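Here the structure comes first, spelled out in structure tokens, and everything after it is commentary.
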Amino acid sequence: MGKFRVLVECRNEGGTDLHCWDNVQAANEKGAEHKAVEMARRYYPEFDEFEPVRVEPSRRR
């Protein structure tokens with residue numbers, strides 16, 4: 001299992017925010033995207049749309 005850094009774009013009628021999730025543990029990039037989007041949905045319920053913008057291996061260990 002690897003650790004990934006995922007940038008998620010969160011949108012609603014009021015605008016757009018970018019949120020970074022670091023050290024997301026997953027088997028691959030797609031799994032990390034899914035986990036990061038689920039975390040963003042949970043922590044930022046004021047947004048309607050969530051899209052993973054960038055995924056890269058985490059530099060932290």
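By convention here, the chains of the structure tokens are called A, B, ... in the order presented, each chain's residues are numbered starting at 1, and ligands are numbered starting at 1 in the order presented.
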Sorted by chain and rising residue number, which residues of stretch 8-29 of chain A lie within 9 Å of stretch 56-59 of chain A, and what are their closest atom pairs and distances in Å to one decimal, counting only C-alpha atoms, as a tab-separated table?
```
residue	atom	partner	partner_atom	distance
A:Asp22	CA	A:Ser58	CA	6.6
A:Asn23	CA	A:Ser58	CA	5.9
A:Val24	CA	A:Ser58	CA	8.1
A:Glu29	CA	A:Glu56	CA	7.7
```
Item to complete: Compile the contact shell of A:His34 as number ranges by chain: residues with an atom at most 12 Å away, counting only C-alpha atoms, same-chain residues fewer than 4 positions apart removed.
Response: A: 4, 6-8, 21, 24-30, 38-41, 50-53, 55
Worksheet item: Where in chain A does DSSP assign strand (DSSP E or B), given as a count of residues only?
Response: 32
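Shortest separation to A:Tyr44 among A:Gly2, A:Ala32, A:His19, A:Gly14 occurs at residue A:His19, atoms counted being only C-alpha atoms.
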Discussion item. Which of chain A end up as alpha helix (DSSP H) when DSSP is run on this backbone - answer as a PyMOL selection string?
Written reply: chain A and resi 29-43
Export N, CA, C and O atoms of the chosen residues as a short mmCIF file (atom, residue, chain, number, x, y, z; two decimals), in the first residue's frame?
```cif
data_model
loop_
_atom_site.label_atom_id
_atom_site.label_comp_id
_atom_site.auth_asym_id
_atom_site.auth_seq_id
_atom_site.Cartn_x
_atom_site.Cartn_y
_atom_site.Cartn_z
N GLU A 29 -3.36 4.92 -7.44
CA GLU A 29 -3.81 6.31 -7.56
C GLU A 29 -5.33 6.43 -7.58
O GLU A 29 -5.89 7.35 -6.99
N LYS A 30 -6.01 5.53 -8.26
CA LYS A 30 -7.47 5.59 -8.31
C LYS A 30 -8.09 5.41 -6.92
O LYS A 30 -9.05 6.10 -6.56
N GLY A 31 -7.52 4.51 -6.15
CA GLY A 31 -8.00 4.32 -4.78
C GLY A 31 -7.77 5.55 -3.93
O GLY A 31 -8.61 5.92 -3.11
N ALA A 32 -6.62 6.20 -4.11
CA ALA A 32 -6.31 7.43 -3.37
C ALA A 32 -7.27 8.55 -3.76
O ALA A 32 -7.74 9.30 -2.91
N GLU A 33 -7.58 8.67 -5.05
CA GLU A 33 -8.55 9.67 -5.52
C GLU A 33 -9.90 9.45 -4.83
O GLU A 33 -10.52 10.39 -4.34
N HIS A 34 -10.35 8.21 -4.83
CA HIS A 34 -11.65 7.89 -4.24
C HIS A 34 -11.68 8.25 -2.76
O HIS A 34 -12.62 8.89 -2.27
N LYS A 35 -10.64 7.86 -2.01
CA LYS A 35 -10.59 8.15 -0.58
C LYS A 35 -10.56 9.65 -0.32
O LYS A 35 -11.24 10.15 0.58
N ALA A 36 -9.76 10.39 -1.08
CA ALA A 36 -9.66 11.84 -0.88
C ALA A 36 -10.98 12.54 -1.17
O ALA A 36 -11.37 13.45 -0.44
N VAL A 37 -11.67 12.12 -2.22
CA VAL A 37 -12.97 12.72 -2.53
C VAL A 37 -13.98 12.41 -1.41
O VAL A 37 -14.74 13.28 -0.99
N GLU A 38 -13.96 11.20 -0.89
CA GLU A 38 -14.86 10.86 0.21
C GLU A 38 -14.56 11.69 1.45
O GLU A 38 -15.48 12.15 2.14
N MET A 39 -13.28 11.93 1.75
CA MET A 39 -12.92 12.77 2.89
C MET A 39 -13.37 14.21 2.66
O MET A 39 -13.89 14.86 3.58
N ALA A 40 -13.19 14.71 1.45
CA ALA A 40 -13.62 16.07 1.13
C ALA A 40 -15.13 16.21 1.28
O ALA A 40 -15.62 17.22 1.82
N ARG A 41 -15.88 15.22 0.82
CA ARG A 41 -17.35 15.26 0.96
C ARG A 41 -17.75 15.33 2.44
O ARG A 41 -18.68 16.04 2.82
N ARG A 42 -17.03 14.58 3.27
CA ARG A 42 -17.34 14.52 4.70
C ARG A 42 -16.99 15.84 5.41
O ARG A 42 -17.75 16.33 6.23
N TYR A 43 -15.83 16.41 5.09
CA TYR A 43 -15.35 17.60 5.79
C TYR A 43 -15.91 18.91 5.23
O TYR A 43 -15.91 19.92 5.92
#
```
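Checking A:Lys3, A:Cys20, A:Gly15, A:Cys10 one by one against A:Asp48, counting only C-alpha atoms, you find the shortest gap at A:Cys10.
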